[in-house]
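Participant: One structure follows; several queries about it will come next.
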Amino acid sequence: MFYRCSNLESVTLPNSLTHIGWSSFFSCSNLKTITLPTNLTYIQSGAFGSSGLETVYSLSKTPPSADGAFDIFYNHMTLYVPTESLSLYKEIMDWKDFEKIIGIDGSVGIKETMIEEVMPLYYFSIDGRRVERPIHGLYILRNNKGQSKIKIVK
């Protein structure tokens with residue numbers, strides 16, 4: 001999906017997503033933060049291997065099956081989970097190995113990653129090619145300050 005996408009810095013995945021496939025974010029070296037949706041049930045092996053992840057927000061109350069998804073880099077990552085599920089995440093294989101696991105309650109929430117919409121704004125396809133007029137789909141939006149985010153164009 002985003003294999004070796006070095007422009008990717010932060011991702012918030014939609015709640016409709018239930019599965020993340022093998023190597024989906026492999027070698028996304030600048031990816032620092034990801035928010036996993038409430039309906040996610042399975043993350044395949046190596047999905048985040050060799051990425052630059054530092055912070056993971058898992059919004060699911062039931063820990064998704066992670067099957068080695070985060071490689072061996074748990075000891076440098078912080079995991080945020082619903083407070084009511086904190087003990088579950090601390091017991092489940094693959095999740096329990098994070099360096100820090102912190103509970104968040106519903107009143108705190110997760111803020112969407114924002115970038116200053118300073119003109120000009122540039123759209124890039126997922127494979128990194130600049131797009132002048134985006135049509136329906138998923139794009140990387142970048143401003144002239146170098147800030148990036150994923151944008152869905154409907």
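Chain labels run A, B, ... following the order of the structure tokens; each chain numbers its residues from 1, and ligands are numbered from 1 in the order shown.
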Please identify which residues in chain A DSSP calls helix (DSSP H, G or I) from the backbone, and express them as a list in words.
Facilitator: Tyr74, Asn75, His76, Thr83, Glu84, Ser85, Leu86, Ser87, Leu88 and Tyr89 of chain A
Participant: Would you write out those residues with all heavy atoms, as a PDB file, in the first residue's frame?
Facilitator:
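File result.pdb, as written:
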```pdb
ATOM      1  N   TYR A  74       9.781  -2.492  19.001  1.00  0.00           N
ATOM      2  CA  TYR A  74       8.852  -2.127  20.073  1.00  0.00           C
ATOM      3  C   TYR A  74       9.513  -1.278  21.153  1.00  0.00           C
ATOM      4  O   TYR A  74       8.889  -0.406  21.724  1.00  0.00           O
ATOM      5  CB  TYR A  74       8.319  -3.381  20.781  1.00  0.00           C
ATOM      6  CG  TYR A  74       7.552  -4.326  19.916  1.00  0.00           C
ATOM      7  CD1 TYR A  74       8.147  -5.475  19.408  1.00  0.00           C
ATOM      8  CD2 TYR A  74       6.224  -4.103  19.645  1.00  0.00           C
ATOM      9  CE1 TYR A  74       7.427  -6.360  18.634  1.00  0.00           C
ATOM     10  CE2 TYR A  74       5.487  -4.984  18.882  1.00  0.00           C
ATOM     11  CZ  TYR A  74       6.102  -6.116  18.371  1.00  0.00           C
ATOM     12  OH  TYR A  74       5.387  -6.990  17.613  1.00  0.00           O
ATOM     13  N   ASN A  75      10.774  -1.586  21.458  1.00  0.00           N
ATOM     14  CA  ASN A  75      11.420  -0.947  22.600  1.00  0.00           C
ATOM     15  C   ASN A  75      11.661   0.545  22.404  1.00  0.00           C
ATOM     16  O   ASN A  75      12.101   1.211  23.325  1.00  0.00           O
ATOM     17  CB  ASN A  75      12.729  -1.665  22.949  1.00  0.00           C
ATOM     18  CG  ASN A  75      13.725  -1.662  21.802  1.00  0.00           C
ATOM     19  OD1 ASN A  75      13.357  -1.418  20.656  1.00  0.00           O
ATOM     20  ND2 ASN A  75      14.967  -1.939  22.101  1.00  0.00           N
ATOM     21  N   HIS A  76      11.384   1.096  21.230  1.00  0.00           N
ATOM     22  CA  HIS A  76      11.532   2.534  21.010  1.00  0.00           C
ATOM     23  C   HIS A  76      10.184   3.210  20.764  1.00  0.00           C
ATOM     24  O   HIS A  76      10.145   4.377  20.435  1.00  0.00           O
ATOM     25  CB  HIS A  76      12.431   2.803  19.814  1.00  0.00           C
ATOM     26  CG  HIS A  76      13.835   2.324  19.972  1.00  0.00           C
ATOM     27  ND1 HIS A  76      14.358   1.851  21.144  1.00  0.00           N
ATOM     28  CD2 HIS A  76      14.847   2.252  19.091  1.00  0.00           C
ATOM     29  CE1 HIS A  76      15.609   1.508  20.984  1.00  0.00           C
ATOM     30  NE2 HIS A  76      15.941   1.727  19.734  1.00  0.00           N
ATOM     31  N   THR A  83      -8.128   3.437  27.796  1.00  0.00           N
ATOM     32  CA  THR A  83      -7.805   3.126  29.192  1.00  0.00           C
ATOM     33  C   THR A  83      -8.461   1.835  29.653  1.00  0.00           C
ATOM     34  O   THR A  83      -7.832   1.017  30.315  1.00  0.00           O
ATOM     35  CB  THR A  83      -8.228   4.296  30.120  1.00  0.00           C
ATOM     36  OG1 THR A  83      -7.519   5.462  29.705  1.00  0.00           O
ATOM     37  CG2 THR A  83      -7.910   3.997  31.563  1.00  0.00           C
ATOM     38  N   GLU A  84      -9.708   1.616  29.249  1.00  0.00           N
ATOM     39  CA  GLU A  84     -10.421   0.411  29.669  1.00  0.00           C
ATOM     40  C   GLU A  84      -9.796  -0.874  29.124  1.00  0.00           C
ATOM     41  O   GLU A  84     -10.062  -1.963  29.627  1.00  0.00           O
ATOM     42  CB  GLU A  84     -11.890   0.491  29.263  1.00  0.00           C
ATOM     43  CG  GLU A  84     -12.085   0.527  27.755  1.00  0.00           C
ATOM     44  CD  GLU A  84     -13.453   1.028  27.351  1.00  0.00           C
ATOM     45  OE1 GLU A  84     -13.691   2.243  27.491  1.00  0.00           O
ATOM     46  OE2 GLU A  84     -14.265   0.197  26.902  1.00  0.00           O
ATOM     47  N   SER A  85      -8.935  -0.759  28.112  1.00  0.00           N
ATOM     48  CA  SER A  85      -8.302  -1.932  27.499  1.00  0.00           C
ATOM     49  C   SER A  85      -6.816  -2.040  27.816  1.00  0.00           C
ATOM     50  O   SER A  85      -6.130  -2.921  27.302  1.00  0.00           O
ATOM     51  CB  SER A  85      -8.481  -1.868  25.980  1.00  0.00           C
ATOM     52  OG  SER A  85      -9.836  -1.774  25.646  1.00  0.00           O
ATOM     53  N   LEU A  86      -6.328  -1.174  28.665  1.00  0.00           N
ATOM     54  CA  LEU A  86      -4.897  -1.119  28.978  1.00  0.00           C
ATOM     55  C   LEU A  86      -4.347  -2.469  29.430  1.00  0.00           C
ATOM     56  O   LEU A  86      -3.318  -2.933  28.933  1.00  0.00           O
ATOM     57  CB  LEU A  86      -4.654  -0.045  30.042  1.00  0.00           C
ATOM     58  CG  LEU A  86      -3.226   0.353  30.341  1.00  0.00           C
ATOM     59  CD1 LEU A  86      -2.505   0.849  29.097  1.00  0.00           C
ATOM     60  CD2 LEU A  86      -3.208   1.438  31.406  1.00  0.00           C
ATOM     61  N   SER A  87      -5.036  -3.131  30.333  1.00  0.00           N
ATOM     62  CA  SER A  87      -4.543  -4.424  30.832  1.00  0.00           C
ATOM     63  C   SER A  87      -4.522  -5.486  29.732  1.00  0.00           C
ATOM     64  O   SER A  87      -3.618  -6.330  29.692  1.00  0.00           O
ATOM     65  CB  SER A  87      -5.360  -4.901  32.034  1.00  0.00           C
ATOM     66  OG  SER A  87      -6.709  -5.074  31.671  1.00  0.00           O
ATOM     67  N   LEU A  88      -5.496  -5.454  28.814  1.00  0.00           N
ATOM     68  CA  LEU A  88      -5.508  -6.404  27.687  1.00  0.00           C
ATOM     69  C   LEU A  88      -4.278  -6.228  26.799  1.00  0.00           C
ATOM     70  O   LEU A  88      -3.613  -7.201  26.446  1.00  0.00           O
ATOM     71  CB  LEU A  88      -6.760  -6.212  26.826  1.00  0.00           C
ATOM     72  CG  LEU A  88      -8.051  -6.838  27.306  1.00  0.00           C
ATOM     73  CD1 LEU A  88      -9.205  -6.398  26.412  1.00  0.00           C
ATOM     74  CD2 LEU A  88      -7.942  -8.342  27.310  1.00  0.00           C
ATOM     75  N   TYR A  89      -3.992  -4.998  26.423  1.00  0.00           N
ATOM     76  CA  TYR A  89      -2.840  -4.724  25.568  1.00  0.00           C
ATOM     77  C   TYR A  89      -1.530  -5.135  26.253  1.00  0.00           C
ATOM     78  O   TYR A  89      -0.598  -5.579  25.599  1.00  0.00           O
ATOM     79  CB  TYR A  89      -2.784  -3.254  25.166  1.00  0.00           C
ATOM     80  CG  TYR A  89      -3.697  -2.900  24.013  1.00  0.00           C
ATOM     81  CD1 TYR A  89      -5.014  -2.516  24.217  1.00  0.00           C
ATOM     82  CD2 TYR A  89      -3.239  -2.943  22.696  1.00  0.00           C
ATOM     83  CE1 TYR A  89      -5.849  -2.181  23.162  1.00  0.00           C
ATOM     84  CE2 TYR A  89      -4.058  -2.612  21.631  1.00  0.00           C
ATOM     85  CZ  TYR A  89      -5.369  -2.232  21.868  1.00  0.00           C
ATOM     86  OH  TYR A  89      -6.190  -1.910  20.810  1.00  0.00           O
TER      87      TYR A  89
END
```
Participant: So that I can see what lies close to range 21-31 of chain A, please list as JSON, numbers by chain the residues with an atom at most 9 Å from it, counting only C-alpha atoms and leaving out residues fewer than 2 positions away in the same chain.
Facilitator: {"A": [1, 2, 3, 4, 5, 6, 7, 8, 9, 10, 11, 19, 33, 34, 42, 43, 44, 45, 46, 47, 48, 49, 50, 51, 52, 53, 54, 69]}
Participant: Next, the residues of the selection above should be written as a CSV table (one decimal), in the first residue's frame with N, CA, C and O atoms.
Facilitator:
```csv
chain,number,residue,atom,x,y,z
A,1,MET,N,0.8,-1.2,0.0
A,1,MET,CA,0.0,0.0,0.0
A,1,MET,C,0.9,1.3,0.0
A,1,MET,O,0.8,2.0,-0.9
A,2,PHE,N,1.7,1.5,1.0
A,2,PHE,CA,2.6,2.6,1.1
A,2,PHE,C,4.0,2.2,1.2
A,2,PHE,O,4.9,2.9,1.7
A,3,TYR,N,4.3,1.0,0.7
A,3,TYR,CA,5.6,0.4,0.7
A,3,TYR,C,6.7,1.4,0.3
A,3,TYR,O,6.6,2.0,-0.8
A,4,ARG,N,7.7,1.7,1.2
A,4,ARG,CA,8.8,2.6,0.9
A,4,ARG,C,8.4,4.0,0.6
A,4,ARG,O,9.1,4.7,-0.2
A,5,CYS,N,7.4,4.5,1.2
A,5,CYS,CA,6.9,5.8,0.9
A,5,CYS,C,7.6,6.7,1.9
A,5,CYS,O,7.1,6.9,3.1
A,6,SER,N,8.7,7.3,1.6
A,6,SER,CA,9.5,8.1,2.5
A,6,SER,C,8.9,9.5,2.8
A,6,SER,O,9.4,10.1,3.8
A,7,ASN,N,7.9,9.9,2.1
A,7,ASN,CA,7.3,11.2,2.4
A,7,ASN,C,6.3,11.1,3.4
A,7,ASN,O,5.8,12.2,3.9
A,8,LEU,N,5.9,9.9,3.8
A,8,LEU,CA,4.8,9.7,4.8
A,8,LEU,C,5.3,10.0,6.2
A,8,LEU,O,6.3,9.4,6.6
A,9,GLU,N,4.7,10.9,6.9
A,9,GLU,CA,5.1,11.2,8.3
A,9,GLU,C,4.1,10.8,9.4
A,9,GLU,O,4.5,10.4,10.5
A,10,SER,N,2.9,10.9,9.0
A,10,SER,CA,1.8,10.6,10.0
A,10,SER,C,0.6,10.1,9.2
A,10,SER,O,0.3,10.6,8.2
A,11,VAL,N,-0.1,9.1,9.8
A,11,VAL,CA,-1.3,8.5,9.1
A,11,VAL,C,-2.4,8.2,10.2
A,11,VAL,O,-2.1,7.7,11.2
A,19,HIS,N,-8.3,-4.6,8.2
A,19,HIS,CA,-7.1,-5.4,8.0
A,19,HIS,C,-6.0,-4.6,7.4
A,19,HIS,O,-6.2,-3.8,6.5
A,33,THR,N,4.2,8.5,13.3
A,33,THR,CA,2.9,8.3,14.1
A,33,THR,C,1.9,7.7,13.2
A,33,THR,O,1.7,8.1,12.1
A,34,ILE,N,1.2,6.7,13.8
A,34,ILE,CA,0.0,6.1,13.1
A,34,ILE,C,-1.1,6.0,14.1
A,34,ILE,O,-0.9,5.6,15.3
A,42,TYR,N,-7.0,-7.2,12.4
A,42,TYR,CA,-5.8,-7.9,12.1
A,42,TYR,C,-4.7,-7.1,11.4
A,42,TYR,O,-5.1,-6.3,10.4
A,43,ILE,N,-3.5,-7.2,11.8
A,43,ILE,CA,-2.3,-6.6,11.1
A,43,ILE,C,-1.4,-7.7,10.8
A,43,ILE,O,-0.9,-8.4,11.6
A,44,GLN,N,-1.1,-7.8,9.5
A,44,GLN,CA,-0.3,-8.9,9.0
A,44,GLN,C,1.2,-8.7,9.3
A,44,GLN,O,1.7,-7.5,9.5
A,45,SER,N,2.0,-9.7,9.4
A,45,SER,CA,3.4,-9.7,9.7
A,45,SER,C,4.1,-8.7,8.8
A,45,SER,O,3.9,-8.6,7.7
A,46,GLY,N,5.0,-8.0,9.5
A,46,GLY,CA,5.9,-7.0,8.7
A,46,GLY,C,5.2,-5.8,8.2
A,46,GLY,O,5.8,-5.0,7.5
A,47,ALA,N,4.0,-5.5,8.6
A,47,ALA,CA,3.2,-4.4,8.1
A,47,ALA,C,4.0,-3.1,8.3
A,47,ALA,O,3.9,-2.2,7.5
A,48,PHE,N,4.7,-3.0,9.4
A,48,PHE,CA,5.4,-1.7,9.8
A,48,PHE,C,6.9,-2.0,9.9
A,48,PHE,O,7.6,-1.2,10.5
A,49,GLY,N,7.4,-3.0,9.3
A,49,GLY,CA,8.8,-3.4,9.4
A,49,GLY,C,9.7,-2.3,8.8
A,49,GLY,O,9.3,-1.6,7.8
A,50,SER,N,10.8,-2.0,9.5
A,50,SER,CA,11.8,-1.0,9.0
A,50,SER,C,11.2,0.4,8.8
A,50,SER,O,11.7,1.1,8.0
A,51,SER,N,10.1,0.7,9.6
A,51,SER,CA,9.6,2.0,9.5
A,51,SER,C,10.2,2.9,10.6
A,51,SER,O,10.9,2.4,11.4
A,52,GLY,N,9.9,4.2,10.6
A,52,GLY,CA,10.4,5.1,11.6
A,52,GLY,C,9.4,5.3,12.7
A,52,GLY,O,9.6,6.3,13.5
A,53,LEU,N,8.5,4.4,12.9
A,53,LEU,CA,7.4,4.6,13.9
A,53,LEU,C,8.0,4.8,15.3
A,53,LEU,O,8.9,4.1,15.8
A,54,GLU,N,7.4,5.8,16.0
A,54,GLU,CA,7.7,6.1,17.4
A,54,GLU,C,6.4,6.1,18.2
A,54,GLU,O,6.5,5.7,19.4
A,69,ALA,N,3.7,-7.6,13.4
A,69,ALA,CA,3.5,-6.4,12.5
A,69,ALA,C,4.6,-5.3,12.7
A,69,ALA,O,4.9,-4.6,11.7
```
Participant: Using only C-alpha atoms, can you tell me which of A:Ser65, A:Ser125, A:Ser58, A:Gln147 comes closest to Gly103 in chain A?
Facilitator: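 Going through A:Ser65, A:Ser125, A:Ser58, A:Gln147 one by one, the smallest distance to Gly103 in chain A is for A:Ser58.
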Participant: Enter the distance from CA of Ile92 in chain A to CA of Thr55 in chain A, in Å, rounded to one decimal.
Facilitator: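 Value for the CA of Ile92 in chain A-CA of Thr55 in chain A distance: 18.2 Å.
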Participant: Got a sec to tell me which of chain A DSSP assigns to strand (DSSP E), as number ranges by chain?
Facilitator: A: 10-12, 19-20, 33-36, 42-43, 55-58, 78-82, 100-104, 121-124, 130-131, 137-143, 148-153
Participant: Which residues, written as a list of chain:residue names, have at least one atom at most 9 Å from Thr41 in chain A, with only C-alpha atoms counted and residues fewer than 2 positions away on the same chain left out?
Facilitator: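 Surrounding residues, per the criterion: A:Leu17, A:Thr18, A:His19, A:Ile20, A:Thr38, A:Asn39, A:Ile43, A:Ser60, A:Thr62, A:Pro63, A:Pro64, A:Ser65, A:Ala66.
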Participant: I need the residues from that last selection saved to file as a JSON list (two decimals), in the first residue's frame (with N, CA, C and O atoms), if you can.
Facilitator:
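In the end it all went to result32.json:
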```json
[["chain", "number", "residue", "atom", "x", "y", "z"],
["A", 17, "LEU", "N", -11.52, 0.45, 7.99],
["A", 17, "LEU", "CA", -10.43, -0.50, 7.75],
["A", 17, "LEU", "C", -10.43, -1.59, 8.83],
["A", 17, "LEU", "O", -10.45, -1.30, 10.02],
["A", 18, "THR", "N", -10.39, -2.85, 8.41],
["A", 18, "THR", "CA", -10.39, -3.97, 9.36],
["A", 18, "THR", "C", -9.10, -4.79, 9.30],
["A", 18, "THR", "O", -8.83, -5.57, 10.19],
["A", 19, "HIS", "N", -8.29, -4.60, 8.24],
["A", 19, "HIS", "CA", -7.12, -5.44, 8.03],
["A", 19, "HIS", "C", -6.00, -4.62, 7.39],
["A", 19, "HIS", "O", -6.25, -3.84, 6.48],
["A", 20, "ILE", "N", -4.77, -4.79, 7.89],
["A", 20, "ILE", "CA", -3.60, -4.16, 7.27],
["A", 20, "ILE", "C", -2.72, -5.29, 6.77],
["A", 20, "ILE", "O", -2.33, -6.17, 7.53],
["A", 38, "THR", "N", -10.78, 1.94, 15.17],
["A", 38, "THR", "CA", -11.53, 1.14, 16.15],
["A", 38, "THR", "C", -11.95, -0.22, 15.61],
["A", 38, "THR", "O", -12.07, -1.17, 16.37],
["A", 39, "ASN", "N", -12.17, -0.35, 14.31],
["A", 39, "ASN", "CA", -12.65, -1.61, 13.74],
["A", 39, "ASN", "C", -11.55, -2.53, 13.24],
["A", 39, "ASN", "O", -11.82, -3.58, 12.67],
["A", 43, "ILE", "N", -3.48, -7.21, 11.80],
["A", 43, "ILE", "CA", -2.35, -6.56, 11.14],
["A", 43, "ILE", "C", -1.38, -7.68, 10.77],
["A", 43, "ILE", "O", -0.89, -8.39, 11.65],
["A", 60, "SER", "N", -8.89, 0.60, 19.03],
["A", 60, "SER", "CA", -9.73, -0.57, 19.23],
["A", 60, "SER", "C", -9.71, -1.01, 20.69],
["A", 60, "SER", "O", -8.65, -1.12, 21.29],
["A", 62, "THR", "N", -10.56, -3.95, 21.64],
["A", 62, "THR", "CA", -10.03, -5.31, 21.59],
["A", 62, "THR", "C", -8.74, -5.26, 20.78],
["A", 62, "THR", "O", -8.76, -4.86, 19.61],
["A", 63, "PRO", "N", -7.60, -5.64, 21.38],
["A", 63, "PRO", "CA", -6.34, -5.57, 20.63],
["A", 63, "PRO", "C", -6.40, -6.38, 19.34],
["A", 63, "PRO", "O", -6.72, -7.56, 19.37],
["A", 64, "PRO", "N", -6.09, -5.74, 18.21],
["A", 64, "PRO", "CA", -6.06, -6.49, 16.95],
["A", 64, "PRO", "C", -4.95, -7.54, 16.97],
["A", 64, "PRO", "O", -3.93, -7.35, 17.64],
["A", 65, "SER", "N", -5.13, -8.62, 16.27],
["A", 65, "SER", "CA", -4.07, -9.61, 16.12],
["A", 65, "SER", "C", -2.97, -8.92, 15.33],
["A", 65, "SER", "O", -3.20, -8.42, 14.23],
["A", 66, "ALA", "N", -1.74, -8.90, 15.88],
["A", 66, "ALA", "CA", -0.67, -8.13, 15.26],
["A", 66, "ALA", "C", 0.38, -8.99, 14.57],
["A", 66, "ALA", "O", 1.13, -8.50, 13.74]]
```
Participant: Near Glu132 in chain A, counting only C-alpha atoms, which residues have an atom at most 12 Å away, once you skip same-chain residues fewer than 6 positions from it, shown as a PDB file with C-alpha atoms, in the first residue's frame?
Facilitator:
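Produced file result31.pdb, reproduced below:
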```
ATOM      1  CA  PRO A 120       0.881  26.600  -2.424  1.00  0.00           C
ATOM      2  CA  LEU A 121      -0.302  23.100  -1.540  1.00  0.00           C
ATOM      3  CA  TYR A 122       1.048  20.162  -3.510  1.00  0.00           C
ATOM      4  CA  TYR A 123      -0.638  16.815  -4.105  1.00  0.00           C
ATOM      5  CA  PHE A 124       1.341  13.631  -4.671  1.00  0.00           C
ATOM      6  CA  SER A 125       0.111  10.184  -5.645  1.00  0.00           C
ATOM      7  CA  TYR A 139      -3.053  11.489  -1.916  1.00  0.00           C
ATOM      8  CA  LEU A 141      -0.758  16.642   0.629  1.00  0.00           C
TER       9      LEU A 141
END
```
Participant: Suppose you want the space between CA of Asp105 in chain A and CA of Ser16 in chain A; what is it in Å?
Facilitator: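 Separating CA of Asp105 in chain A from CA of Ser16 in chain A is a distance of 21.4 Å.
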Participant: Might you pull out every residue within 10 Å of Ile135 in chain A, with only C-alpha atoms counted and same-chain residues fewer than 3 positions away left off, and present them as a PyMOL selection string?
Facilitator: chain A and resi 131-132+138-139+152-154
